[in-house]
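Colleague: Just dropping this structure here.
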Amino acid sequence: MLALYFRLIGARIRAQMQYKTSFWMELVGFGLVTGLEFVAVAILFARFQTIAGWSLAEVALLYGLSSLAFGVAEMVGRGFDAPFERMMQQGAFDTVLTRPLGSFFSVLASEFQLMRLGRMTQALAVLAYALARLPIAWSADKVVVLLLSLLSGAVIYIGLVVMGATVCFWTIKTPEVINVFTVG
């Protein structure tokens with residue numbers, strides 16, 4: 001099943017790379033737009049050295065971890081967002097139910113957005129800045145905690161999107177309230 005998933009994702013990536021200029025513009029655009037979020041935070045810290053006892057590097061660590069986890073979730077779990085809503089509205093979810101593989105797997109593999117690497121690249125840059133500035137004595141267990149934080153954050157974000165998608169079965173719309181927990 002994992003081989004099939006990677007085959008389907010490979011097909012999605014090849015489809016997205018058909019228009020290379022559009023792909024690169026979207027990738028850079030995602031990086032710049034999400035980069036402006038952190039620039040706004042940095043401007044606040046330029047005026048006030050600390051906010052409620054937090055330094056810019058400490059906030060950058062939290063921002064980088066959260067943004068990177070969200071970027072992974074957006075790239076991998078995007079099928080449960082707008083595409084799932086369209087499937088429900090157009091009555092196309094029945095075709096997913098008739099496939100031999102599970103419906104969760106089919107929806108998960110239906111949309112993979114490589115252009116979200118722009119957000120992830122920006123998040124990695126902020127995370128690298130934070131890790132370079134913070135006095136962390138690195139050890140193997142701290143590296144494991146960092147990696148598990150990223151993985152569990154991505155799983156939590158995907159879980160929130162899946163919870164929002166389940167509401168589509170009753171309302172045919174994903175609730176905007178889910179964005180409060182993800183984007184907000």
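Residue names in the structure tokens use chain letters A, B, ... in the order shown, residue numbers from 1 in each chain, and ligand numbers from 1 in the order shown.
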Find the residues near Leu146 in chain A: any atom within 12 Å, counting only C-alpha atoms, skip ones fewer than 2 places away on the same chain, and give them as a PyMOL selection string.
Modeller: chain A and resi 61-62+64-66+68-69+127+131+136+138-144+148-153
Colleague: Excluding same-chain residues fewer than 3 positions from Gln122 in chain A, what lies within 7 Å of it counting only C-alpha atoms, as a list in words?
Modeller: Gly31, Gly35, Gly118, Arg119, Ala125 and Val126 of chain A
Colleague: Between A:Met17, A:Val59, A:Val161, A:Leu36, which residue has the minimum interatomic distance to Ile178 in chain A, considering only C-alpha atoms?
Modeller: A:Val161
Colleague: Residues at most 10 Å from range 41-43 of chain A, counting only C-alpha atoms, excluding those fewer than 6 positions away in the same chain, as a VMD selection string?
Modeller: chain A and resid 49 56 to 57 59 to 60 63
Colleague: Give me a file of those residues, with N, CA, C and O atoms, as a PDB file, in the first residue's frame.
Modeller:
ATOM      1  N   GLN A  49      12.230  44.416  23.167  1.00  0.00           N
ATOM      2  CA  GLN A  49      13.226  43.340  23.182  1.00  0.00           C
ATOM      3  C   GLN A  49      12.645  42.003  23.643  1.00  0.00           C
ATOM      4  O   GLN A  49      13.032  40.955  23.141  1.00  0.00           O
ATOM      5  N   LEU A  56      12.932  36.888  20.917  1.00  0.00           N
ATOM      6  CA  LEU A  56      12.636  36.596  19.512  1.00  0.00           C
ATOM      7  C   LEU A  56      13.056  35.175  19.154  1.00  0.00           C
ATOM      8  O   LEU A  56      12.333  34.473  18.439  1.00  0.00           O
ATOM      9  N   ALA A  57      14.185  34.728  19.639  1.00  0.00           N
ATOM     10  CA  ALA A  57      14.658  33.380  19.321  1.00  0.00           C
ATOM     11  C   ALA A  57      13.715  32.313  19.868  1.00  0.00           C
ATOM     12  O   ALA A  57      13.464  31.294  19.206  1.00  0.00           O
ATOM     13  N   VAL A  59      10.446  32.659  20.465  1.00  0.00           N
ATOM     14  CA  VAL A  59       9.232  32.694  19.646  1.00  0.00           C
ATOM     15  C   VAL A  59       9.517  32.098  18.270  1.00  0.00           C
ATOM     16  O   VAL A  59       8.688  31.391  17.700  1.00  0.00           O
ATOM     17  N   ALA A  60      10.712  32.347  17.746  1.00  0.00           N
ATOM     18  CA  ALA A  60      11.087  31.784  16.447  1.00  0.00           C
ATOM     19  C   ALA A  60      11.127  30.262  16.503  1.00  0.00           C
ATOM     20  O   ALA A  60      10.750  29.591  15.532  1.00  0.00           O
ATOM     21  N   TYR A  63       7.489  29.205  16.439  1.00  0.00           N
ATOM     22  CA  TYR A  63       6.946  29.508  15.117  1.00  0.00           C
ATOM     23  C   TYR A  63       7.489  28.529  14.076  1.00  0.00           C
ATOM     24  O   TYR A  63       6.744  28.005  13.246  1.00  0.00           O
TER      25      TYR A  63
END
Colleague: If we count only C-alpha atoms and set the cut-off at 12 Å, which residues sit around range 92-98 of chain A, ignoring sequence neighbours fewer than 3 positions away in its own chain? Please answer as an mmCIF file with N, CA, C and O atoms, in the first residue's frame.
Modeller:
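File written: selection06.cif
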data_model
loop_
_atom_site.group_PDB
_atom_site.id
_atom_site.type_symbol
_atom_site.label_atom_id
_atom_site.label_comp_id
_atom_site.auth_asym_id
_atom_site.auth_seq_id
_atom_site.Cartn_x
_atom_site.Cartn_y
_atom_site.Cartn_z
ATOM 1 N N PHE A 80 -8.024 16.343 2.193
ATOM 2 C CA PHE A 80 -9.178 16.425 3.092
ATOM 3 C C PHE A 80 -9.722 17.841 3.221
ATOM 4 O O PHE A 80 -10.695 18.052 3.932
ATOM 5 N N PRO A 83 -10.458 19.874 -1.811
ATOM 6 C CA PRO A 83 -10.835 18.800 -2.750
ATOM 7 C C PRO A 83 -11.918 17.869 -2.198
ATOM 8 O O PRO A 83 -12.802 17.445 -2.928
ATOM 9 N N PHE A 84 -11.854 17.575 -0.900
ATOM 10 C CA PHE A 84 -12.874 16.713 -0.295
ATOM 11 C C PHE A 84 -14.228 17.409 -0.304
ATOM 12 O O PHE A 84 -15.253 16.798 -0.592
ATOM 13 N N GLU A 85 -14.207 18.698 -0.013
ATOM 14 C CA GLU A 85 -15.459 19.470 -0.033
ATOM 15 C C GLU A 85 -16.079 19.443 -1.431
ATOM 16 O O GLU A 85 -17.286 19.254 -1.582
ATOM 17 N N ARG A 86 -15.242 19.616 -2.455
ATOM 18 C CA ARG A 86 -15.750 19.561 -3.842
ATOM 19 C C ARG A 86 -16.306 18.171 -4.166
ATOM 20 O O ARG A 86 -17.333 18.050 -4.840
ATOM 21 N N MET A 87 -15.615 17.127 -3.689
ATOM 22 C CA MET A 87 -16.109 15.764 -3.915
ATOM 23 C C MET A 87 -17.501 15.592 -3.329
ATOM 24 O O MET A 87 -18.381 14.997 -3.960
ATOM 25 N N MET A 88 -17.693 16.104 -2.137
ATOM 26 C CA MET A 88 -18.986 15.968 -1.472
ATOM 27 C C MET A 88 -20.067 16.781 -2.194
ATOM 28 O O MET A 88 -21.187 16.314 -2.373
ATOM 29 N N GLN A 89 -19.720 17.980 -2.627
ATOM 30 C CA GLN A 89 -20.694 18.843 -3.290
ATOM 31 C C GLN A 89 -21.089 18.299 -4.662
ATOM 32 O O GLN A 89 -22.225 18.445 -5.085
ATOM 33 N N LEU A 101 -9.233 0.150 -2.341
ATOM 34 C CA LEU A 101 -8.521 0.608 -1.149
ATOM 35 C C LEU A 101 -9.454 1.443 -0.283
ATOM 36 O O LEU A 101 -10.499 1.902 -0.734
ATOM 37 N N GLY A 102 -9.068 1.658 0.950
ATOM 38 C CA GLY A 102 -9.895 2.418 1.873
ATOM 39 C C GLY A 102 -10.103 3.853 1.422
ATOM 40 O O GLY A 102 -9.278 4.439 0.726
ATOM 41 N N SER A 103 -11.210 4.426 1.842
ATOM 42 C CA SER A 103 -11.547 5.792 1.432
ATOM 43 C C SER A 103 -10.584 6.804 2.046
ATOM 44 O O SER A 103 -10.255 7.806 1.412
ATOM 45 N N PHE A 104 -10.113 6.567 3.273
ATOM 46 C CA PHE A 104 -9.153 7.486 3.893
ATOM 47 C C PHE A 104 -7.890 7.568 3.047
ATOM 48 O O PHE A 104 -7.396 8.648 2.751
ATOM 49 N N PHE A 105 -7.372 6.419 2.649
ATOM 50 C CA PHE A 105 -6.173 6.378 1.821
ATOM 51 C C PHE A 105 -6.405 7.081 0.487
ATOM 52 O O PHE A 105 -5.558 7.833 0.018
ATOM 53 N N SER A 106 -7.545 6.834 -0.125
ATOM 54 C CA SER A 106 -7.838 7.441 -1.443
ATOM 55 C C SER A 106 -7.906 8.956 -1.358
ATOM 56 O O SER A 106 -7.378 9.655 -2.222
ATOM 57 N N VAL A 107 -8.552 9.477 -0.325
ATOM 58 C CA VAL A 107 -8.651 10.931 -0.175
ATOM 59 C C VAL A 107 -7.285 11.513 0.175
ATOM 60 O O VAL A 107 -6.894 12.555 -0.346
ATOM 61 N N LEU A 108 -6.540 10.840 1.040
ATOM 62 C CA LEU A 108 -5.212 11.309 1.420
ATOM 63 C C LEU A 108 -4.299 11.414 0.206
ATOM 64 O O LEU A 108 -3.561 12.386 0.048
ATOM 65 N N ALA A 109 -4.366 10.436 -0.683
ATOM 66 C CA ALA A 109 -3.500 10.420 -1.857
ATOM 67 C C ALA A 109 -4.045 11.260 -3.013
ATOM 68 O O ALA A 109 -3.362 11.431 -4.024
ATOM 69 N N SER A 110 -5.241 11.808 -2.866
ATOM 70 C CA SER A 110 -5.854 12.532 -3.985
ATOM 71 C C SER A 110 -5.232 13.898 -4.237
ATOM 72 O O SER A 110 -5.336 14.438 -5.337
ATOM 73 N N CYS A 168 -18.349 17.643 6.587
ATOM 74 C CA CYS A 168 -18.910 17.692 5.226
ATOM 75 C C CYS A 168 -20.009 16.662 5.003
ATOM 76 O O CYS A 168 -20.872 16.855 4.156
ATOM 77 N N PHE A 169 -19.970 15.574 5.726
ATOM 78 C CA PHE A 169 -20.998 14.548 5.549
ATOM 79 C C PHE A 169 -22.380 15.070 5.942
ATOM 80 O O PHE A 169 -23.391 14.564 5.471
ATOM 81 N N ILE A 172 -22.035 19.544 3.881
ATOM 82 C CA ILE A 172 -21.464 19.676 2.544
ATOM 83 C C ILE A 172 -20.491 20.852 2.455
ATOM 84 O O ILE A 172 -20.127 21.300 1.390
#
Colleague: Neighbouring residues of Glu26 in chain A were defined as those with any atom within 10 Å, considering only C-alpha atoms; residues of the same chain fewer than 5 positions away were excluded. Please report them as a list in words.
Modeller: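 Neighbouring residues, sequence-local ones excluded: Lys20, Thr21, Gly31, Leu32, Leu114, Met115, Arg116, Leu117 and Gly118 of chain A.
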Colleague: Got time to write the residues from that selection, N, CA and C atoms, as a PDB file, in the first residue's frame?
Modeller:
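Done, and the output landed in out04.pdb:
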ATOM      1  N   LYS A  20       6.092  24.414 -15.137  1.00  0.00           N
ATOM      2  CA  LYS A  20       7.209  24.676 -14.230  1.00  0.00           C
ATOM      3  C   LYS A  20       7.243  26.121 -13.713  1.00  0.00           C
ATOM      4  N   THR A  21       6.963  27.081 -14.589  1.00  0.00           N
ATOM      5  CA  THR A  21       6.988  28.478 -14.168  1.00  0.00           C
ATOM      6  C   THR A  21       5.927  28.735 -13.109  1.00  0.00           C
ATOM      7  N   GLY A  31       6.452  30.828   0.137  1.00  0.00           N
ATOM      8  CA  GLY A  31       7.560  31.159   1.028  1.00  0.00           C
ATOM      9  C   GLY A  31       7.560  32.612   1.437  1.00  0.00           C
ATOM     10  N   LEU A  32       7.301  33.506   0.478  1.00  0.00           N
ATOM     11  CA  LEU A  32       7.300  34.942   0.781  1.00  0.00           C
ATOM     12  C   LEU A  32       6.119  35.352   1.652  1.00  0.00           C
ATOM     13  N   LEU A 114       3.202  19.918  -3.715  1.00  0.00           N
ATOM     14  CA  LEU A 114       4.633  20.099  -3.574  1.00  0.00           C
ATOM     15  C   LEU A 114       5.002  21.566  -3.387  1.00  0.00           C
ATOM     16  N   MET A 115       4.149  22.466  -3.879  1.00  0.00           N
ATOM     17  CA  MET A 115       4.465  23.900  -3.751  1.00  0.00           C
ATOM     18  C   MET A 115       4.463  24.370  -2.302  1.00  0.00           C
ATOM     19  N   ARG A 116       3.955  23.555  -1.395  1.00  0.00           N
ATOM     20  CA  ARG A 116       4.001  23.901   0.039  1.00  0.00           C
ATOM     21  C   ARG A 116       5.429  23.833   0.579  1.00  0.00           C
ATOM     22  N   LEU A 117       6.360  23.382  -0.249  1.00  0.00           N
ATOM     23  CA  LEU A 117       7.767  23.419   0.150  1.00  0.00           C
ATOM     24  C   LEU A 117       8.224  24.849   0.404  1.00  0.00           C
ATOM     25  N   GLY A 118       7.557  25.827  -0.201  1.00  0.00           N
ATOM     26  CA  GLY A 118       7.882  27.229   0.050  1.00  0.00           C
ATOM     27  C   GLY A 118       7.667  27.584   1.512  1.00  0.00           C
TER      28      GLY A 118
END
Colleague: Can you list, as a list of chain:residue names, every protein, DNA or RNA residue that comes within 12 Å of Gln113 in chain A when you count only C-alpha atoms, leaving out same-chain residues fewer than 6 positions away?
Modeller: A:Ile9, A:Gly10, A:Ala11, A:Arg12, A:Ile13, A:Arg14, A:Ala15, A:Gln16, A:Met17, A:Phe23, A:Glu26, A:Leu27, A:Phe30, A:Gly71, A:Val72, A:Ala73, A:Glu74, A:Met75, A:Val76, A:Gly77, A:Arg78, A:Gly79, A:Asp81, A:Pro83, A:Arg119, A:Met120
Colleague: Please run DSSP on the backbone and report, as a ChimeraX atom specification, all residues within range 102-184 of chain A that come out as helix (DSSP H, G or I).
Modeller: /A:103-110,114-133,140-166,168-171,177-182
Colleague: Could you write those residues out with C-alpha atoms, as a PDB file, in the first residue's frame?
Modeller:
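Listed below is the output, part-v8.pdb:
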ATOM      1  CA  SER A 103     -11.547   5.792   1.432  1.00  0.00           C
ATOM      2  CA  PHE A 104      -9.153   7.486   3.893  1.00  0.00           C
ATOM      3  CA  PHE A 105      -6.173   6.378   1.821  1.00  0.00           C
ATOM      4  CA  SER A 106      -7.838   7.441  -1.443  1.00  0.00           C
ATOM      5  CA  VAL A 107      -8.651  10.931  -0.175  1.00  0.00           C
ATOM      6  CA  LEU A 108      -5.212  11.309   1.420  1.00  0.00           C
ATOM      7  CA  ALA A 109      -3.500  10.420  -1.857  1.00  0.00           C
ATOM      8  CA  SER A 110      -5.854  12.532  -3.985  1.00  0.00           C
ATOM      9  CA  LEU A 114       4.633  20.099  -3.574  1.00  0.00           C
ATOM     10  CA  MET A 115       4.465  23.900  -3.751  1.00  0.00           C
ATOM     11  CA  ARG A 116       4.001  23.901   0.039  1.00  0.00           C
ATOM     12  CA  LEU A 117       7.767  23.419   0.150  1.00  0.00           C
ATOM     13  CA  GLY A 118       7.882  27.229   0.050  1.00  0.00           C
ATOM     14  CA  ARG A 119       6.245  27.417   3.477  1.00  0.00           C
ATOM     15  CA  MET A 120       8.444  24.609   4.746  1.00  0.00           C
ATOM     16  CA  THR A 121      11.631  26.263   3.477  1.00  0.00           C
ATOM     17  CA  GLN A 122      10.718  29.515   5.209  1.00  0.00           C
ATOM     18  CA  ALA A 123       9.860  27.610   8.394  1.00  0.00           C
ATOM     19  CA  LEU A 124      13.197  25.777   8.251  1.00  0.00           C
ATOM     20  CA  ALA A 125      15.014  29.110   7.912  1.00  0.00           C
ATOM     21  CA  VAL A 126      13.232  30.515  10.986  1.00  0.00           C
ATOM     22  CA  LEU A 127      13.859  27.285  12.895  1.00  0.00           C
ATOM     23  CA  ALA A 128      17.561  27.357  11.950  1.00  0.00           C
ATOM     24  CA  TYR A 129      17.753  30.975  13.136  1.00  0.00           C
ATOM     25  CA  ALA A 130      16.168  30.017  16.456  1.00  0.00           C
ATOM     26  CA  LEU A 131      18.347  26.968  16.999  1.00  0.00           C
ATOM     27  CA  ALA A 132      21.479  28.995  16.244  1.00  0.00           C
ATOM     28  CA  ARG A 133      20.501  31.711  18.746  1.00  0.00           C
ATOM     29  CA  ALA A 140      20.576  12.539  20.977  1.00  0.00           C
ATOM     30  CA  ASP A 141      17.442  12.728  23.106  1.00  0.00           C
ATOM     31  CA  LYS A 142      16.905  16.422  22.253  1.00  0.00           C
ATOM     32  CA  VAL A 143      17.196  15.654  18.539  1.00  0.00           C
ATOM     33  CA  VAL A 144      14.616  12.881  18.949  1.00  0.00           C
ATOM     34  CA  VAL A 145      12.302  15.278  20.812  1.00  0.00           C
ATOM     35  CA  LEU A 146      12.686  17.852  18.020  1.00  0.00           C
ATOM     36  CA  LEU A 147      11.853  15.289  15.323  1.00  0.00           C
ATOM     37  CA  LEU A 148       8.950  13.848  17.302  1.00  0.00           C
ATOM     38  CA  SER A 149       7.626  17.378  17.874  1.00  0.00           C
ATOM     39  CA  LEU A 150       7.580  17.990  14.139  1.00  0.00           C
ATOM     40  CA  LEU A 151       5.985  14.632  13.381  1.00  0.00           C
ATOM     41  CA  SER A 152       3.343  14.882  16.095  1.00  0.00           C
ATOM     42  CA  GLY A 153       2.577  18.486  15.121  1.00  0.00           C
ATOM     43  CA  ALA A 154       1.962  17.414  11.525  1.00  0.00           C
ATOM     44  CA  VAL A 155      -0.272  14.557  12.674  1.00  0.00           C
ATOM     45  CA  ILE A 156      -2.269  16.939  14.900  1.00  0.00           C
ATOM     46  CA  TYR A 157      -2.770  19.385  12.032  1.00  0.00           C
ATOM     47  CA  ILE A 158      -3.825  16.578   9.685  1.00  0.00           C
ATOM     48  CA  GLY A 159      -6.208  15.327  12.376  1.00  0.00           C
ATOM     49  CA  LEU A 160      -7.813  18.765  12.618  1.00  0.00           C
ATOM     50  CA  VAL A 161      -8.304  18.892   8.849  1.00  0.00           C
ATOM     51  CA  VAL A 162      -9.796  15.385   8.848  1.00  0.00           C
ATOM     52  CA  MET A 163     -12.165  16.393  11.662  1.00  0.00           C
ATOM     53  CA  GLY A 164     -13.256  19.366   9.572  1.00  0.00           C
ATOM     54  CA  ALA A 165     -13.761  17.108   6.571  1.00  0.00           C
ATOM     55  CA  THR A 166     -16.056  14.817   8.524  1.00  0.00           C
ATOM     56  CA  CYS A 168     -18.910  17.692   5.226  1.00  0.00           C
ATOM     57  CA  PHE A 169     -20.998  14.548   5.549  1.00  0.00           C
ATOM     58  CA  TRP A 170     -23.717  16.608   7.244  1.00  0.00           C
ATOM     59  CA  THR A 171     -23.228  20.139   5.922  1.00  0.00           C
ATOM     60  CA  VAL A 177     -13.780  27.241  12.407  1.00  0.00           C
ATOM     61  CA  ILE A 178     -11.084  24.615  11.705  1.00  0.00           C
ATOM     62  CA  ASN A 179      -8.929  27.439  10.280  1.00  0.00           C
ATOM     63  CA  VAL A 180      -8.896  28.995  13.751  1.00  0.00           C
ATOM     64  CA  PHE A 181      -6.904  25.966  14.925  1.00  0.00           C
ATOM     65  CA  THR A 182      -4.690  25.615  11.853  1.00  0.00           C
TER      66      THR A 182
END
